[in-house]
Structure formats: C-alpha cells, structure tokens
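Student: For reference, the file my_file.cif (mmCIF, C-alpha atoms) is included below:
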data_query
#
loop_
_atom_site.label_atom_id
_atom_site.label_comp_id
_atom_site.auth_asym_id
_atom_site.auth_seq_id
_atom_site.Cartn_x
_atom_site.Cartn_y
_atom_site.Cartn_z
CA THR A 290 -11.01 -20.45 9.76
CA ILE A 291 -8.16 -22.17 7.92
CA LEU A 292 -5.66 -21.08 10.61
CA LYS A 293 -7.79 -22.54 13.39
CA LYS A 294 -8.50 -25.72 11.44
CA TYR A 295 -4.80 -26.49 10.98
CA ASN A 296 -3.67 -24.92 14.27
CA LEU A 297 -1.53 -22.31 12.51
CA ASN A 298 -0.46 -18.83 13.55
CA ALA A 299 -0.08 -15.76 11.35
CA SER A 300 1.55 -12.40 12.10
CA LEU A 301 -0.12 -9.10 11.31
CA PHE A 302 1.81 -5.84 11.58
CA ILE A 303 -0.30 -2.74 12.21
CA SER A 304 0.29 1.01 12.04
CA PRO A 305 -2.32 2.38 14.48
CA SER A 306 -3.02 5.52 12.43
CA ILE A 307 -5.25 3.41 10.14
CA LEU A 308 -7.46 2.57 13.13
CA ASP A 309 -8.06 6.24 13.88
CA GLY A 310 -11.16 7.07 11.86
CA ASN A 311 -10.62 4.16 9.43
CA GLN A 312 -7.72 5.77 7.58
CA ASN A 313 -5.90 4.32 4.60
CA TYR A 314 -2.12 4.20 4.56
CA TRP A 315 -0.46 7.08 2.64
CA TRP A 316 0.75 4.66 -0.05
CA GLN A 317 -2.84 3.49 -0.55
CA LYS A 318 -4.18 7.04 -0.71
CA ILE A 319 -1.79 7.98 -3.52
CA ASP A 320 -3.33 5.27 -5.73
CA PHE A 321 -6.59 7.25 -5.90
CA TYR A 322 -4.98 9.98 -8.01
CA LYS A 323 -3.96 10.08 -11.65
CA GLU A 324 -0.27 9.37 -12.16
CA GLU A 325 0.34 12.41 -14.39
CA LYS A 326 -1.16 14.73 -11.78
CA ILE A 327 1.05 13.19 -9.10
CA TYR A 328 4.17 13.78 -11.21
CA ILE A 329 3.18 17.42 -11.85
CA GLU A 330 2.59 18.27 -8.20
CA LEU A 331 5.54 16.20 -6.98
CA ALA A 332 7.90 18.02 -9.36
CA LYS A 333 6.69 21.36 -8.00
CA LEU A 334 7.02 20.21 -4.41
CA LEU A 335 10.57 18.91 -4.86
CA ASN A 336 11.65 21.60 -7.32
CA ILE A 337 12.79 18.88 -9.72
CA ASP A 338 11.94 18.70 -13.42
CA LYS A 339 8.95 16.42 -14.01
CA ASP A 340 10.71 14.60 -16.86
CA LYS A 341 13.62 13.79 -14.55
CA LEU A 342 11.22 12.16 -12.13
CA LYS A 343 9.63 10.14 -14.92
CA ALA A 344 13.06 9.15 -16.23
CA LEU A 345 13.68 7.27 -13.00
CA GLY A 346 11.39 4.60 -14.45
CA VAL A 347 9.45 3.85 -11.26
CA LYS A 348 5.93 4.57 -10.04
CA PRO A 349 5.33 7.74 -8.00
CA VAL A 350 4.84 5.73 -4.81
CA GLU A 351 8.50 4.63 -5.03
CA ILE A 352 9.58 8.26 -5.30
CA LEU A 353 7.53 9.13 -2.23
CA LYS A 354 9.53 6.57 -0.27
CA GLU A 355 12.41 9.07 -0.35
CA LEU A 356 10.33 11.77 1.37
CA ASP A 357 9.56 12.34 5.01
CA LEU A 358 5.97 11.98 6.17
CA LYS A 359 5.44 15.75 6.37
CA LYS A 360 6.26 16.14 2.66
CA ILE A 361 4.07 13.15 1.73
CA ASN A 362 1.10 14.61 3.59
CA GLU A 363 1.75 17.98 1.98
CA LEU A 364 1.49 16.33 -1.43
CA LEU A 365 -1.70 14.48 -0.47
CA ASN A 366 -3.27 17.73 0.73
CA ILE A 367 -2.47 19.33 -2.62
CA LEU A 368 -3.95 16.39 -4.52
CA GLN A 369 -7.06 15.91 -2.38
CA PRO A 370 -9.26 18.56 -4.07
CA THR A 371 -8.69 16.82 -7.43
CA ASN A 372 -10.27 13.58 -6.23
CA LYS A 373 -13.88 13.25 -7.39
CA LYS A 374 -14.94 10.38 -5.15
CA ASP A 375 -14.45 9.33 -1.56
CA PRO A 376 -11.68 6.70 -1.28
CA GLU A 377 -12.76 3.26 -0.16
CA PHE A 378 -11.42 2.14 3.23
CA LEU A 379 -9.05 -0.76 2.50
CA ASN A 380 -7.86 -1.92 5.90
CA ILE A 381 -8.79 -3.69 9.08
CA ASN A 382 -10.77 -1.80 11.71
CA THR A 383 -10.39 -1.77 15.49
CA GLU A 384 -13.09 -4.36 16.19
CA GLU A 385 -11.69 -6.78 13.62
CA LEU A 386 -8.17 -6.40 15.00
CA ILE A 387 -9.30 -7.13 18.57
CA GLU A 388 -11.23 -10.18 17.35
CA MET A 389 -8.18 -11.49 15.47
CA SER A 390 -5.91 -10.90 18.47
CA ASN A 391 -8.31 -12.74 20.80
CA SER A 392 -8.64 -15.71 18.42
CA GLY A 393 -5.23 -17.08 19.41
CA ASN A 394 -4.28 -17.57 15.75
CA PHE A 395 -2.72 -14.16 15.16
CA THR A 396 0.34 -12.45 16.57
CA ILE A 397 -0.11 -8.69 16.31
CA GLY A 398 3.08 -6.69 15.80
CA SER A 399 3.72 -2.98 15.45
CA HIS A 400 4.64 -1.29 12.18
CA THR A 401 5.29 2.32 13.32
CA TYR A 402 2.41 4.66 14.05
CA ASN A 403 2.01 6.32 10.62
CA HIS A 404 4.05 4.05 8.32
CA PRO A 405 6.80 6.50 7.32
CA ILE A 406 10.08 5.32 5.82
CA LEU A 407 12.03 5.67 9.05
CA ALA A 408 15.37 6.56 7.45
CA ASN A 409 13.77 9.80 6.17
CA GLU A 410 12.61 10.95 9.59
CA SER A 411 14.28 12.80 12.46
CA LYS A 412 15.43 10.89 15.54
CA SER A 413 12.58 12.29 17.62
CA ASP A 414 10.04 11.19 14.99
CA VAL A 415 11.59 7.71 14.81
CA ASP A 416 11.33 7.45 18.61
CA PHE A 417 7.65 8.44 18.45
CA GLU A 418 6.80 6.11 15.56
CA ILE A 419 8.29 3.01 17.17
CA HIS A 420 7.44 3.60 20.83
CA GLN A 421 3.94 5.03 20.29
CA SER A 422 2.82 2.28 17.91
CA LYS A 423 3.82 -0.38 20.43
CA GLU A 424 2.18 1.45 23.34
CA TYR A 425 -1.06 2.06 21.42
CA LEU A 426 -1.44 -1.58 20.40
CA GLU A 427 -0.61 -2.89 23.88
CA ASN A 428 -3.27 -0.64 25.43
CA LEU A 429 -5.81 -1.61 22.77
CA LEU A 430 -5.21 -5.37 22.86
CA ASP A 431 -4.32 -5.65 26.57
CA LYS A 432 -1.25 -7.76 25.83
CA GLU A 433 2.44 -7.30 25.18
CA VAL A 434 3.43 -6.37 21.63
CA ASP A 435 7.09 -7.25 21.15
CA THR A 436 7.44 -7.81 17.40
CA PHE A 437 7.92 -5.13 14.76
CA ALA A 438 8.25 -4.77 10.98
CA TYR A 439 10.15 -1.90 9.38
CA PRO A 440 8.05 -0.07 6.75
CA ASN A 441 9.29 -1.13 3.30
CA GLY A 442 12.13 -2.75 5.21
CA ILE A 443 15.21 -2.55 2.96
CA PRO A 444 18.30 -2.50 5.23
CA GLY A 445 20.52 0.52 4.66
CA LEU A 446 17.85 2.26 2.58
CA ASP A 447 14.72 2.28 4.74
CA PHE A 448 16.27 1.70 8.16
CA GLY A 449 19.67 1.36 9.79
CA SER A 450 21.46 1.16 13.13
CA ARG A 451 19.51 4.13 14.55
CA GLU A 452 16.18 2.36 14.02
CA ILE A 453 17.54 -0.94 15.34
CA GLU A 454 18.68 0.74 18.55
CA THR A 455 15.30 2.45 18.91
CA CYS A 456 13.58 -0.94 18.65
CA ARG A 457 15.92 -2.24 21.32
CA SER A 458 15.08 0.66 23.63
CA ALA A 459 11.36 -0.05 23.08
CA ASN A 460 11.87 -3.67 24.22
CA ILE A 461 11.08 -5.09 20.79
CA LYS A 462 12.29 -8.69 20.77
CA ILE A 463 12.06 -9.41 17.02
CA ALA A 464 12.04 -6.86 14.19
CA TYR A 465 11.58 -7.95 10.58
CA SER A 466 13.12 -6.42 7.48
CA CYS A 467 12.21 -7.08 3.85
CA GLU A 468 15.69 -8.34 3.00
CA VAL A 469 15.31 -11.47 0.88
CA SER A 470 17.52 -14.06 2.53
CA TYR A 471 17.60 -17.20 4.64
CA PHE A 472 17.75 -16.59 8.38
CA SER A 473 21.04 -17.55 10.03
CA THR A 474 22.75 -17.17 13.40
CA SER A 475 24.63 -14.17 11.99
CA ASN A 476 21.38 -12.21 11.66
CA SER A 477 20.36 -9.79 14.38
CA SER A 478 17.01 -10.52 16.02
CA LEU A 479 16.20 -6.88 15.24
CA SER A 480 16.82 -7.24 11.50
CA VAL A 481 15.31 -10.57 10.53
CA PRO A 482 15.08 -11.25 6.75
CA ARG A 483 11.88 -12.53 5.15
CA LEU A 484 10.79 -14.22 1.94
CA GLU A 485 7.43 -13.33 0.44
CA ILE A 486 5.63 -16.45 -0.73
CA SER A 487 2.10 -15.05 -0.94
CA ASN A 488 2.24 -14.27 -4.67
CA GLY A 489 2.47 -16.85 -7.45
CA SER A 490 1.81 -20.53 -7.97
CA ARG A 491 2.94 -23.33 -5.69
CA PHE A 492 5.76 -24.14 -8.11
CA LYS A 493 6.92 -20.52 -8.15
CA ASN A 494 6.90 -20.32 -4.36
CA LEU A 495 8.83 -23.57 -3.99
CA THR A 496 11.36 -22.29 -6.52
CA LYS A 497 11.81 -19.15 -4.44
CA ILE A 498 12.44 -21.19 -1.31
CA PHE A 499 14.90 -23.72 -2.72
CA PHE A 500 16.77 -21.44 -5.14
CA LEU A 501 16.69 -18.31 -3.02
CA ASN A 502 20.36 -17.42 -3.39
CA TYR A 503 20.08 -17.53 -7.20
CA PHE A 504 16.99 -15.28 -7.30
CA LYS A 505 17.89 -13.04 -4.34
CA ASN A 506 19.04 -9.97 -6.28
CA ARG A 507 16.02 -10.06 -8.59
CA LEU A 508 13.59 -10.42 -5.69
CA MET A 509 15.11 -7.37 -3.98
CA ASN A 510 13.92 -5.10 -6.85
CA PRO A 511 17.37 -3.67 -7.68
CA ASN A 512 16.03 -1.31 -10.36
CA VAL A 513 13.60 0.31 -7.93
CA ASN A 514 16.23 0.65 -5.21
CA SER A 515 18.71 2.12 -7.69
CA ALA A 516 16.12 4.68 -8.82
CA ARG A 517 15.50 5.70 -5.22
CA LEU A 518 19.24 6.18 -4.64
CA ASN A 519 19.47 8.33 -7.78
CA LEU A 520 16.59 10.46 -6.54
CA LYS A 521 18.27 10.86 -3.16
CA LYS A 522 21.35 12.30 -4.92
CA ASN A 523 19.19 14.79 -6.87
CA MET A 524 17.49 15.93 -3.67
CA VAL A 525 20.72 16.67 -1.79
#
Mind turning the file's structure into structure tokens?

Tutor:
Amino acid sequence: TILKKYNLNASLFISPSILDGNQNYWWQKIDFYKEEKIYIELAKLLNIDKDKLKALGVKPVEILKELDLKKINELLNILQPTNKKDPEFLNINTEELIEMSNSGNFTIGSHTYNHPILANESKSDVDFEIHQSKEYLENLLDKEVDTFAYPNGIPGLDFGSREIETCRSANIKIAYSCEVSYFSTSNSSLSVPRLEISNGSRFKNLTKIFFLNYFKNRLMNPNVNSARLNLKKNMV
C-alpha cells in the first residue's frame, strides 16, 4: 500500500455500531430517502412547519444534527417503508478493520458507539457512547485505544466540557474536534483542532494550510452552524 511504501501512518475513527451486522451510519441512511419526504416526516416529528425547516437553507442531515439519537432513529423507522431498495453497505467491516489495525500503518480511534451528536444526548448516554466504543474496539483489536474524535466535532455546538471530562474519565489521551485551526500549546489535548486537506487540488490544499487564518471562518461552515442554532431556538 501507499502508506507502507512511504512508511506513513493514518488514523481511522470508528463507531462500532457499523460493525454490528454491517450497518450504515444514520447520516448515510438518510441519504437513501427523497429530500421532500424527509422534510414532510421531520416537520411532523418536530411539530414545526415544513416551510420553516426548508427556510433554514440547509440539507435535512444538518437539521438532524440537532436531534438526539432516539429521535433520529424514530424518523428512520418512519421513512424505512418508503425505501424501494436495500441500501448498499458503505463502510468497513470487522475483518477489514482488524487487518488494517494489524498492518502497523493505521491507528484506530473511537468515535462513540452510535455516532450521535453528543451535545444532544443525556449524560448517561454520553458516558455509554464514549466508554463503550473504546471498550468494544480494545476487545476487538486486542490493543489500547486511546484516541477519539467527536462526531461532527464543532466545539460548543456538538460537544463541550461535559464530553471532554467524559473522555478524560475514559482515559482518552487525545480527542479531536473539527475546529479549523492551527494546533498550539493553548489547545487542550482533548479538543485538538484539525484541517481537512482531503478535498481539492494540491494548490487548494496548500492554500488552506498557509492561509488558514484568512479562510478559517469560511471553512467552519458558518451558514450551516447558524441554521442549526436557529433550529435549536425553534425547538425550545
């Protein structure tokens, strides 16, 4: 492989629920349904006018990021009978994960058990999601798993001090956010920022790296985050 050829290491963050019966993540499942149908059923579920949801100007998956996992699964159960074909499995399976872990070129980290947005969940559910994902992967891979990535990962919106303390209690050494920023000594090891460089040309990626402070706000998707905050107010 390319990683082995150049002696490189990559990190892969896994939510173990996808390994149980080859399940897709909830945000992948929602893509199998027509957008209009999602809006109709979501409006009923939240008791919010459908046009108000559409007026937020974001895709349904962004709206679902303001719901707890129970509500998301409730919506998926409502939508499931409308799907005319079996969804394709889109993720890694158990055998592939073990092979990657044993290769020496991958660091496997946890990513909660079911990939909820942790800020929407109860404390007991947050404890389960963080501790159980780590325990499951350690038992499966027969090695310590001490890195973690917060689902969606926007500080203050998707996780906060409660989730950071839960990671600490689970003996997580490094937890990654999706905050777009350079890493500095002022950053907590349990809220490490990252910069996505997987999309775009080499020139675009280099521009991101060297002019990060200039592009930071744009890369953080402010319109999407603002829409989610507006929805949160309507749901109170």

Student: Would you pick out the contacts of Ser480 (chain A) at 7 Å or less, using all atoms listed in the file, so that residues sharing its chain but fewer than 2 positions from it are not included, and give the list as an MDAnalysis selection string?

Tutor: chainID A and resid 464:466 476:478 482

Student: So what do you get for CA of His400 (chain A) versus CA of Glu388 (chain A), distance-wise?

Tutor: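 According to the coordinates, CA of His400 (chain A) and CA of Glu388 (chain A) are separated by 18.9 Å.
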
Student: Which residues, named as in the file, does the PyMOL selection byres ((chain A and resi 365-374) around 8) pick out? Answer as a list in words.

Tutor: Lys318, Ile319, Phe321, Tyr322, Lys326, Ile327, Glu330, Ile361, Asn362, Glu363, Leu364, Asp375 and Pro376 of chain A

Student: For the PyMOL selection byres ((chain A and resi 349-359) around 8), applied here, can you spell out every residue it catches as JSON, numbers by chain?

Tutor: {"A": [316, 319, 324, 327, 328, 347, 348, 360, 361, 362, 363, 405, 406, 409, 410, 513, 517, 520, 521]}

Student: Apply the PyMOL selection byres ((chain A and resi 442) around 9) to the displayed file and report the matching residues as a ChimeraX atom specification.

Tutor: /A:406,438-441,443-444,446-448,465-468

Student: Could you tell me which of A:Arg451, A:Arg457, A:Lys432, A:His420 comes closest to Ser399 (chain A) if we count all atoms listed in the file?

Tutor: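 Selected residue with least distance to Ser399 (chain A): A:His420.
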
Student: Counting only C-alpha atoms, note down every residue that has an atom within 12 Å of the point (-2.7, -20.1, 14.0) (file coordinates), as a PyMOL selection string.

Tutor: chain A and resi 290-301+389-397

Student: Using Å and a single decimal, report how far CA of Glu452 (chain A) sits from CA of Leu407 (chain A).

Tutor: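 Going from CA of Leu407 (chain A) over to CA of Glu452 (chain A) covers 7.3 Å.
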
Student: Expressed in Å to a single decimal, how great is the separation between CA of Ser422 (chain A) and CA of Thr401 (chain A)?

Tutor: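 Computed distance, CA of Ser422 (chain A) to CA of Thr401 (chain A), equals 5.2 Å.
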
Student: Give the answer as one residue: which of A:Ser473, A:Thr383, A:Ser450, A:Asn428 has the shortest atom-to-atom distance to Ser306 (chain A), using all atoms listed in the file?

Tutor: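 Among the listed residues, the smallest separation from Ser306 (chain A) belongs to A:Thr383.
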